[in-house]
>>> print(open('run-v8.txt').read())   # compact mmCIF, N, CA and C atoms
# COMPACT_ATOMS: atom_id res chain seq x y z
N MET P 137 121.59 -3.94 -120.10
CA MET P 137 120.73 -3.12 -119.25
C MET P 137 119.33 -3.74 -119.27
N ASP P 138 118.78 -4.02 -118.07
CA ASP P 138 117.44 -4.59 -118.01
C ASP P 138 116.39 -3.48 -118.00
N GLU P 139 115.11 -3.87 -118.06
CA GLU P 139 114.01 -2.91 -118.17
C GLU P 139 113.95 -1.97 -116.96
N VAL P 140 114.17 -2.51 -115.77
CA VAL P 140 114.11 -1.70 -114.56
C VAL P 140 115.21 -0.63 -114.57
N GLU P 141 116.43 -1.03 -114.93
CA GLU P 141 117.54 -0.08 -114.99
C GLU P 141 117.28 0.99 -116.05
N PHE P 142 116.71 0.60 -117.18
CA PHE P 142 116.40 1.53 -118.26
C PHE P 142 115.43 2.62 -117.82
N LEU P 143 114.44 2.27 -116.97
CA LEU P 143 113.41 3.21 -116.56
C LEU P 143 113.87 4.21 -115.50
N ARG P 144 114.87 3.90 -114.72
CA ARG P 144 115.30 4.78 -113.62
C ARG P 144 115.68 6.17 -114.13
N GLY P 145 115.21 7.19 -113.41
CA GLY P 145 115.54 8.57 -113.76
C GLY P 145 114.75 9.13 -114.92
N ARG P 146 113.84 8.37 -115.45
CA ARG P 146 113.01 8.82 -116.56
C ARG P 146 111.68 9.31 -116.01
N VAL P 147 111.02 10.15 -116.77
CA VAL P 147 109.75 10.73 -116.35
C VAL P 147 108.60 9.88 -116.88
N TYR P 148 107.70 9.48 -115.96
CA TYR P 148 106.52 8.70 -116.33
C TYR P 148 105.71 9.47 -117.37
N GLY P 149 105.34 8.79 -118.45
CA GLY P 149 104.48 9.38 -119.47
C GLY P 149 105.20 10.27 -120.48
N ALA P 150 106.50 10.47 -120.33
CA ALA P 150 107.25 11.34 -121.25
C ALA P 150 107.57 10.58 -122.54
N ASP P 151 107.81 11.33 -123.58
CA ASP P 151 108.22 10.78 -124.87
C ASP P 151 109.54 10.01 -124.68
N HIS P 152 109.64 8.83 -125.25
CA HIS P 152 110.84 8.00 -125.10
C HIS P 152 112.11 8.70 -125.58
N GLU P 153 111.99 9.55 -126.55
CA GLU P 153 113.15 10.25 -127.09
C GLU P 153 113.65 11.34 -126.15
N ASP P 154 112.80 11.84 -125.29
CA ASP P 154 113.16 12.95 -124.39
C ASP P 154 112.50 12.74 -123.04
N ALA P 155 112.89 11.66 -122.34
CA ALA P 155 112.20 11.27 -121.12
C ALA P 155 112.88 11.76 -119.84
N GLY P 156 113.90 12.58 -119.97
CA GLY P 156 114.58 13.08 -118.78
C GLY P 156 113.82 14.24 -118.15
N PRO P 157 114.12 14.51 -116.88
CA PRO P 157 113.45 15.63 -116.19
C PRO P 157 113.87 16.98 -116.77
N ARG P 158 113.00 17.96 -116.65
CA ARG P 158 113.26 19.31 -117.13
C ARG P 158 113.44 20.23 -115.92
N PRO P 159 114.36 21.16 -116.00
CA PRO P 159 114.66 22.00 -114.83
C PRO P 159 113.50 22.86 -114.35
N GLU P 160 112.57 23.23 -115.21
CA GLU P 160 111.48 24.12 -114.81
C GLU P 160 110.27 23.37 -114.24
N ARG P 161 110.38 22.05 -114.11
CA ARG P 161 109.27 21.23 -113.62
C ARG P 161 109.61 20.66 -112.25
N ALA P 162 108.57 20.26 -111.48
CA ALA P 162 108.75 19.62 -110.17
C ALA P 162 108.38 18.14 -110.30
N TYR P 163 109.15 17.28 -109.64
CA TYR P 163 108.95 15.84 -109.76
C TYR P 163 108.91 15.17 -108.40
N ALA P 164 108.23 14.03 -108.35
CA ALA P 164 108.25 13.14 -107.19
C ALA P 164 108.72 11.79 -107.71
N GLN P 165 109.52 11.10 -106.91
CA GLN P 165 110.02 9.79 -107.30
C GLN P 165 109.01 8.72 -106.91
N LEU P 166 108.75 7.79 -107.83
CA LEU P 166 107.88 6.65 -107.56
C LEU P 166 108.73 5.57 -106.90
N VAL P 167 108.27 5.08 -105.74
CA VAL P 167 109.05 4.13 -104.96
C VAL P 167 108.30 2.81 -104.83
N GLY P 168 108.90 1.74 -105.31
CA GLY P 168 108.30 0.41 -105.24
C GLY P 168 107.39 0.15 -106.42
N GLY P 169 106.96 -1.09 -106.53
CA GLY P 169 106.02 -1.47 -107.58
C GLY P 169 106.63 -1.46 -108.97
N PRO P 170 105.79 -1.57 -109.98
CA PRO P 170 106.27 -1.70 -111.36
C PRO P 170 106.91 -0.44 -111.92
N LEU P 171 106.65 0.71 -111.33
CA LEU P 171 107.19 1.97 -111.85
C LEU P 171 108.31 2.53 -110.97
N ASP P 172 108.87 1.68 -110.12
CA ASP P 172 109.93 2.07 -109.19
C ASP P 172 111.06 2.81 -109.91
N GLY P 173 111.42 3.96 -109.38
CA GLY P 173 112.53 4.73 -109.95
C GLY P 173 112.11 5.78 -110.95
N LEU P 174 110.91 5.67 -111.50
CA LEU P 174 110.45 6.71 -112.43
C LEU P 174 110.13 7.98 -111.67
N LEU P 175 110.15 9.08 -112.37
CA LEU P 175 109.76 10.37 -111.80
C LEU P 175 108.38 10.73 -112.32
N LEU P 176 107.54 11.29 -111.46
CA LEU P 176 106.21 11.75 -111.85
C LEU P 176 106.21 13.26 -111.82
N ASP P 177 105.83 13.89 -112.92
CA ASP P 177 105.73 15.35 -112.97
C ASP P 177 104.56 15.79 -112.10
N VAL P 178 104.85 16.54 -111.04
CA VAL P 178 103.82 16.99 -110.10
C VAL P 178 103.66 18.51 -110.14
N THR P 179 104.20 19.15 -111.15
CA THR P 179 104.22 20.60 -111.24
C THR P 179 102.86 21.24 -111.06
N GLU P 180 101.85 20.74 -111.73
CA GLU P 180 100.53 21.37 -111.69
C GLU P 180 99.51 20.55 -110.91
N ARG P 181 99.96 19.62 -110.09
CA ARG P 181 99.06 18.79 -109.29
C ARG P 181 98.93 19.36 -107.88
N THR P 182 97.73 19.30 -107.34
CA THR P 182 97.48 19.80 -105.99
C THR P 182 97.83 18.72 -104.96
N GLU P 183 97.93 19.12 -103.70
CA GLU P 183 98.18 18.17 -102.62
C GLU P 183 97.09 17.10 -102.61
N GLU P 184 95.86 17.50 -102.83
CA GLU P 184 94.73 16.56 -102.85
C GLU P 184 94.90 15.53 -103.96
N GLU P 185 95.32 15.98 -105.14
CA GLU P 185 95.50 15.07 -106.27
C GLU P 185 96.62 14.07 -106.02
N LEU P 186 97.57 14.42 -105.17
CA LEU P 186 98.71 13.56 -104.93
C LEU P 186 98.53 12.62 -103.72
N ARG P 187 97.39 12.73 -103.05
CA ARG P 187 97.16 11.81 -101.93
C ARG P 187 97.19 10.37 -102.42
N GLU P 188 96.61 10.13 -103.58
CA GLU P 188 96.68 8.82 -104.22
C GLU P 188 96.54 9.01 -105.72
N VAL P 189 97.43 8.39 -106.49
CA VAL P 189 97.37 8.48 -107.95
C VAL P 189 97.35 7.08 -108.54
N ALA P 190 96.60 6.90 -109.61
CA ALA P 190 96.53 5.64 -110.35
C ALA P 190 97.18 5.88 -111.70
N LEU P 191 98.29 5.20 -111.95
CA LEU P 191 99.05 5.40 -113.18
C LEU P 191 98.94 4.17 -114.06
N ILE P 192 98.57 4.37 -115.31
CA ILE P 192 98.43 3.26 -116.26
C ILE P 192 99.80 2.66 -116.52
N THR P 193 99.86 1.32 -116.49
CA THR P 193 101.10 0.62 -116.80
C THR P 193 100.82 -0.73 -117.42
N GLU P 194 101.71 -1.16 -118.29
CA GLU P 194 101.59 -2.49 -118.90
C GLU P 194 102.40 -3.52 -118.13
N ILE P 195 103.24 -3.08 -117.19
CA ILE P 195 104.16 -4.01 -116.53
C ILE P 195 103.75 -4.34 -115.10
N GLY P 196 102.53 -4.01 -114.73
CA GLY P 196 102.03 -4.36 -113.40
C GLY P 196 101.37 -5.71 -113.38
N ARG P 197 100.78 -6.06 -112.28
CA ARG P 197 100.12 -7.34 -112.08
C ARG P 197 99.03 -7.63 -113.10
N TYR P 198 98.32 -6.60 -113.56
CA TYR P 198 97.18 -6.78 -114.44
C TYR P 198 97.49 -6.57 -115.92
N GLY P 199 98.76 -6.38 -116.26
CA GLY P 199 99.15 -6.26 -117.65
C GLY P 199 98.64 -4.99 -118.30
N PRO P 200 98.55 -4.98 -119.64
CA PRO P 200 98.12 -3.78 -120.36
C PRO P 200 96.77 -3.26 -119.86
N GLY P 201 96.71 -1.97 -119.60
CA GLY P 201 95.49 -1.34 -119.11
C GLY P 201 95.37 -1.33 -117.60
N GLY P 202 96.25 -2.05 -116.92
CA GLY P 202 96.24 -2.05 -115.47
C GLY P 202 96.80 -0.75 -114.91
N HIS P 203 96.64 -0.57 -113.61
CA HIS P 203 97.11 0.64 -112.95
C HIS P 203 98.02 0.30 -111.77
N ALA P 204 99.01 1.12 -111.55
CA ALA P 204 99.83 1.06 -110.35
C ALA P 204 99.37 2.21 -109.47
N LEU P 205 99.08 1.92 -108.21
CA LEU P 205 98.58 2.93 -107.28
C LEU P 205 99.70 3.42 -106.39
N TYR P 206 99.83 4.73 -106.29
CA TYR P 206 100.87 5.36 -105.47
C TYR P 206 100.25 6.44 -104.59
N ALA P 207 100.86 6.67 -103.42
CA ALA P 207 100.39 7.71 -102.51
C ALA P 207 101.59 8.49 -101.98
N ARG P 208 101.37 9.77 -101.76
CA ARG P 208 102.43 10.64 -101.24
C ARG P 208 102.91 10.12 -99.89
N ARG P 209 104.22 10.04 -99.74
CA ARG P 209 104.82 9.57 -98.49
C ARG P 209 104.65 10.62 -97.41
N GLU P 210 104.20 10.17 -96.25
CA GLU P 210 104.03 11.05 -95.10
C GLU P 210 105.36 11.72 -94.76
N GLY P 211 105.37 13.04 -94.74
CA GLY P 211 106.56 13.79 -94.36
C GLY P 211 107.61 13.93 -95.45
N ASP P 212 107.36 13.39 -96.64
CA ASP P 212 108.33 13.49 -97.75
C ASP P 212 107.57 13.64 -99.05
N GLY P 213 107.25 14.88 -99.40
CA GLY P 213 106.48 15.16 -100.61
C GLY P 213 107.19 14.82 -101.90
N GLY P 214 108.48 14.48 -101.82
CA GLY P 214 109.25 14.15 -103.02
C GLY P 214 109.19 12.68 -103.39
N ARG P 215 108.41 11.91 -102.64
CA ARG P 215 108.31 10.48 -102.92
C ARG P 215 106.85 10.02 -102.85
N LEU P 216 106.51 9.13 -103.77
CA LEU P 216 105.19 8.49 -103.78
C LEU P 216 105.42 7.00 -103.61
N ASP P 217 104.82 6.41 -102.59
CA ASP P 217 105.00 4.99 -102.31
C ASP P 217 103.93 4.14 -102.98
N TRP P 218 104.35 2.98 -103.47
CA TRP P 218 103.45 2.04 -104.14
C TRP P 218 102.49 1.43 -103.14
N LEU P 219 101.21 1.42 -103.49
CA LEU P 219 100.17 0.83 -102.66
C LEU P 219 99.74 -0.54 -103.17
N GLY P 220 99.91 -0.77 -104.46
CA GLY P 220 99.49 -2.02 -105.09
C GLY P 220 99.04 -1.76 -106.51
N ASP P 221 98.60 -2.80 -107.17
CA ASP P 221 98.13 -2.69 -108.54
C ASP P 221 96.61 -2.86 -108.59
N ALA P 222 96.00 -2.33 -109.63
CA ALA P 222 94.56 -2.45 -109.81
C ALA P 222 94.28 -2.72 -111.28
N PRO P 223 93.24 -3.48 -111.57
CA PRO P 223 92.88 -3.74 -112.96
C PRO P 223 92.35 -2.48 -113.62
N GLY P 224 92.42 -2.47 -114.93
CA GLY P 224 91.82 -1.36 -115.68
C GLY P 224 90.31 -1.49 -115.72
N VAL P 225 89.66 -0.45 -116.13
CA VAL P 225 88.20 -0.47 -116.25
C VAL P 225 87.84 -1.13 -117.56
N PRO P 226 86.98 -2.18 -117.54
CA PRO P 226 86.61 -2.88 -118.79
C PRO P 226 85.79 -2.01 -119.72
>>> encode(input="run-v8.txt", output="C-alpha cells")
Amino acid sequence: MDEVEFLRGRVYGADHEDAGPRPERAYAQLVGGPLDGLLLDVTERTEEELREVALITEIGRYGPGGHALYARREGDGGRLDWLGDAPGVP
C-alpha cells in the first residue's frame, strides 16, 4: 500500500490511531493535490471559512510547513478542489 492509498478515507488532522470519519460530524472530500482523498471535518466551519482553506502539509511542493490550498467546489459543498500549494510563513 502506497502513501496515497493509505490516506484515502481518512480525516485530515485526525489522530493516526483513529483517523476514520465519525457519524456525528460533517465532512468534505479534498480533491486533487497532496491531500487528495482525505476528508476535512467541516462540522463547525461557516460557508465563508470554506471558500478557501490553507491546510498544513509536509507532502506538498514546499515540504514541511507548506500549505495545500483548497476551495469549495461550485455547486457541490461536499468537495473542496485543490488550488495549488503555498509556502509556510517563515
>>> atom_distance(input="run-v8.txt", atom1="CA of Asp172 (chain P)", atom2="CA of Tyr206 (chain P)")
10.3 Å
>>> atom_distance(input="run-v8.txt", atom1="CA of Leu176 (chain P)", atom2="atom N of Asp217 (chain P)")
10.8 Å
>>> atom_distance(input="run-v8.txt", atom1="CA of Val167 (chain P)", atom2="atom C of His152 (chain P)")
21.3 Å
>>> select_by_dssp(input="run-v8.txt", residues="region 148-221 of chain P", states="strand (DSSP E or B)", output="number ranges by chain")
P: 163-167, 175-177, 189-193, 202-209, 212-221
>>> write_last_selection(input="run-v8.txt", atoms="N, CA and C atoms", output="PDB file, in the frame of the given file")
ATOM      1  N   TYR P 163     109.150  17.280-109.640  1.00  0.00           N
ATOM      2  CA  TYR P 163     108.950  15.840-109.760  1.00  0.00           C
ATOM      3  C   TYR P 163     108.910  15.170-108.400  1.00  0.00           C
ATOM      4  N   ALA P 164     108.230  14.030-108.350  1.00  0.00           N
ATOM      5  CA  ALA P 164     108.250  13.140-107.190  1.00  0.00           C
ATOM      6  C   ALA P 164     108.720  11.790-107.710  1.00  0.00           C
ATOM      7  N   GLN P 165     109.520  11.100-106.910  1.00  0.00           N
ATOM      8  CA  GLN P 165     110.020   9.790-107.300  1.00  0.00           C
ATOM      9  C   GLN P 165     109.010   8.720-106.910  1.00  0.00           C
ATOM     10  N   LEU P 166     108.750   7.790-107.830  1.00  0.00           N
ATOM     11  CA  LEU P 166     107.880   6.650-107.560  1.00  0.00           C
ATOM     12  C   LEU P 166     108.730   5.570-106.900  1.00  0.00           C
ATOM     13  N   VAL P 167     108.270   5.080-105.740  1.00  0.00           N
ATOM     14  CA  VAL P 167     109.050   4.130-104.960  1.00  0.00           C
ATOM     15  C   VAL P 167     108.300   2.810-104.830  1.00  0.00           C
ATOM     16  N   LEU P 175     110.150   9.080-112.370  1.00  0.00           N
ATOM     17  CA  LEU P 175     109.760  10.370-111.800  1.00  0.00           C
ATOM     18  C   LEU P 175     108.380  10.730-112.320  1.00  0.00           C
ATOM     19  N   LEU P 176     107.540  11.290-111.460  1.00  0.00           N
ATOM     20  CA  LEU P 176     106.210  11.750-111.850  1.00  0.00           C
ATOM     21  C   LEU P 176     106.210  13.260-111.820  1.00  0.00           C
ATOM     22  N   ASP P 177     105.830  13.890-112.920  1.00  0.00           N
ATOM     23  CA  ASP P 177     105.730  15.350-112.970  1.00  0.00           C
ATOM     24  C   ASP P 177     104.560  15.790-112.100  1.00  0.00           C
ATOM     25  N   VAL P 189      97.430   8.390-106.490  1.00  0.00           N
ATOM     26  CA  VAL P 189      97.370   8.480-107.950  1.00  0.00           C
ATOM     27  C   VAL P 189      97.350   7.080-108.540  1.00  0.00           C
ATOM     28  N   ALA P 190      96.600   6.900-109.610  1.00  0.00           N
ATOM     29  CA  ALA P 190      96.530   5.640-110.350  1.00  0.00           C
ATOM     30  C   ALA P 190      97.180   5.880-111.700  1.00  0.00           C
ATOM     31  N   LEU P 191      98.290   5.200-111.950  1.00  0.00           N
ATOM     32  CA  LEU P 191      99.050   5.400-113.180  1.00  0.00           C
ATOM     33  C   LEU P 191      98.940   4.170-114.060  1.00  0.00           C
ATOM     34  N   ILE P 192      98.570   4.370-115.310  1.00  0.00           N
ATOM     35  CA  ILE P 192      98.430   3.260-116.260  1.00  0.00           C
ATOM     36  C   ILE P 192      99.800   2.660-116.520  1.00  0.00           C
ATOM     37  N   THR P 193      99.860   1.320-116.490  1.00  0.00           N
ATOM     38  CA  THR P 193     101.100   0.620-116.800  1.00  0.00           C
ATOM     39  C   THR P 193     100.820  -0.730-117.420  1.00  0.00           C
ATOM     40  N   GLY P 202      96.250  -2.050-116.920  1.00  0.00           N
ATOM     41  CA  GLY P 202      96.240  -2.050-115.470  1.00  0.00           C
ATOM     42  C   GLY P 202      96.800  -0.750-114.910  1.00  0.00           C
ATOM     43  N   HIS P 203      96.640  -0.570-113.610  1.00  0.00           N
ATOM     44  CA  HIS P 203      97.110   0.640-112.950  1.00  0.00           C
ATOM     45  C   HIS P 203      98.020   0.300-111.770  1.00  0.00           C
ATOM     46  N   ALA P 204      99.010   1.120-111.550  1.00  0.00           N
ATOM     47  CA  ALA P 204      99.830   1.060-110.350  1.00  0.00           C
ATOM     48  C   ALA P 204      99.370   2.210-109.470  1.00  0.00           C
ATOM     49  N   LEU P 205      99.080   1.920-108.210  1.00  0.00           N
ATOM     50  CA  LEU P 205      98.580   2.930-107.280  1.00  0.00           C
ATOM     51  C   LEU P 205      99.700   3.420-106.390  1.00  0.00           C
ATOM     52  N   TYR P 206      99.830   4.730-106.290  1.00  0.00           N
ATOM     53  CA  TYR P 206     100.870   5.360-105.470  1.00  0.00           C
ATOM     54  C   TYR P 206     100.250   6.440-104.590  1.00  0.00           C
ATOM     55  N   ALA P 207     100.860   6.670-103.420  1.00  0.00           N
ATOM     56  CA  ALA P 207     100.390   7.710-102.510  1.00  0.00           C
ATOM     57  C   ALA P 207     101.590   8.490-101.980  1.00  0.00           C
ATOM     58  N   ARG P 208     101.370   9.770-101.760  1.00  0.00           N
ATOM     59  CA  ARG P 208     102.430  10.640-101.240  1.00  0.00           C
ATOM     60  C   ARG P 208     102.910  10.120 -99.890  1.00  0.00           C
ATOM     61  N   ARG P 209     104.220  10.040 -99.740  1.00  0.00           N
ATOM     62  CA  ARG P 209     104.820   9.570 -98.490  1.00  0.00           C
ATOM     63  C   ARG P 209     104.650  10.620 -97.410  1.00  0.00           C
ATOM     64  N   ASP P 212     107.360  13.390 -96.640  1.00  0.00           N
ATOM     65  CA  ASP P 212     108.330  13.490 -97.750  1.00  0.00           C
ATOM     66  C   ASP P 212     107.570  13.640 -99.050  1.00  0.00           C
ATOM     67  N   GLY P 213     107.250  14.880 -99.400  1.00  0.00           N
ATOM     68  CA  GLY P 213     106.480  15.160-100.610  1.00  0.00           C
ATOM     69  C   GLY P 213     107.190  14.820-101.900  1.00  0.00           C
ATOM     70  N   GLY P 214     108.480  14.480-101.820  1.00  0.00           N
ATOM     71  CA  GLY P 214     109.250  14.150-103.020  1.00  0.00           C
ATOM     72  C   GLY P 214     109.190  12.680-103.390  1.00  0.00           C
ATOM     73  N   ARG P 215     108.410  11.910-102.640  1.00  0.00           N
ATOM     74  CA  ARG P 215     108.310  10.480-102.920  1.00  0.00           C
ATOM     75  C   ARG P 215     106.850  10.020-102.850  1.00  0.00           C
ATOM     76  N   LEU P 216     106.510   9.130-103.770  1.00  0.00           N
ATOM     77  CA  LEU P 216     105.190   8.490-103.780  1.00  0.00           C
ATOM     78  C   LEU P 216     105.420   7.000-103.610  1.00  0.00           C
ATOM     79  N   ASP P 217     104.820   6.410-102.590  1.00  0.00           N
ATOM     80  CA  ASP P 217     105.000   4.990-102.310  1.00  0.00           C
ATOM     81  C   ASP P 217     103.930   4.140-102.980  1.00  0.00           C
ATOM     82  N   TRP P 218     104.350   2.980-103.470  1.00  0.00           N
ATOM     83  CA  TRP P 218     103.450   2.040-104.140  1.00  0.00           C
ATOM     84  C   TRP P 218     102.490   1.430-103.140  1.00  0.00           C
ATOM     85  N   LEU P 219     101.210   1.420-103.490  1.00  0.00           N
ATOM     86  CA  LEU P 219     100.170   0.830-102.660  1.00  0.00           C
ATOM     87  C   LEU P 219      99.740  -0.540-103.170  1.00  0.00           C
ATOM     88  N   GLY P 220      99.910  -0.770-104.460  1.00  0.00           N
ATOM     89  CA  GLY P 220      99.490  -2.020-105.090  1.00  0.00           C
ATOM     90  C   GLY P 220      99.040  -1.760-106.510  1.00  0.00           C
ATOM     91  N   ASP P 221      98.600  -2.800-107.170  1.00  0.00           N
ATOM     92  CA  ASP P 221      98.130  -2.690-108.540  1.00  0.00           C
ATOM     93  C   ASP P 221      96.610  -2.860-108.590  1.00  0.00           C
TER      94      ASP P 221
END
>>> closest_residue(input="run-v8.txt", among="P:Pro223, P:Gly213, P:Gly173, P:Gly168", to="Gly145 (chain P)", atoms="only N, CA and C atoms")
P:Gly173
>>> closest_residue(input="run-v8.txt", among="P:Gly224, P:Gly201, P:Trp218, P:Glu210", to="Leu166 (chain P)", atoms="only N, CA and C atoms")
P:Trp218
>>> residues_near_point(input="run-v8.txt", point="(110.4, 10.9, -105.8)", cutoff="6 Å", atoms="only C-alpha atoms", output="NGL selection string")
:P and (164-166 or 214-215)
>>> select_by_dssp(input="run-v8.txt", residues="chain P", states="alpha helix (DSSP H)", output="ChimeraX atom specification")
/P:139-143
>>> residues_around(input="run-v8.txt", residues="region 185-187 of chain P", least_positions_apart="2", cutoff="9 Å", atoms="only C-alpha atoms", output="VMD selection string")
chain P and resid 178 181 to 183 189 206 to 209 216
>>> closest_residue(input="run-v8.txt", among="P:Ile195, P:Val147, P:Ala204, P:Ala190", to="Leu175 (chain P)", atoms="all atoms listed in the file")
P:Val147
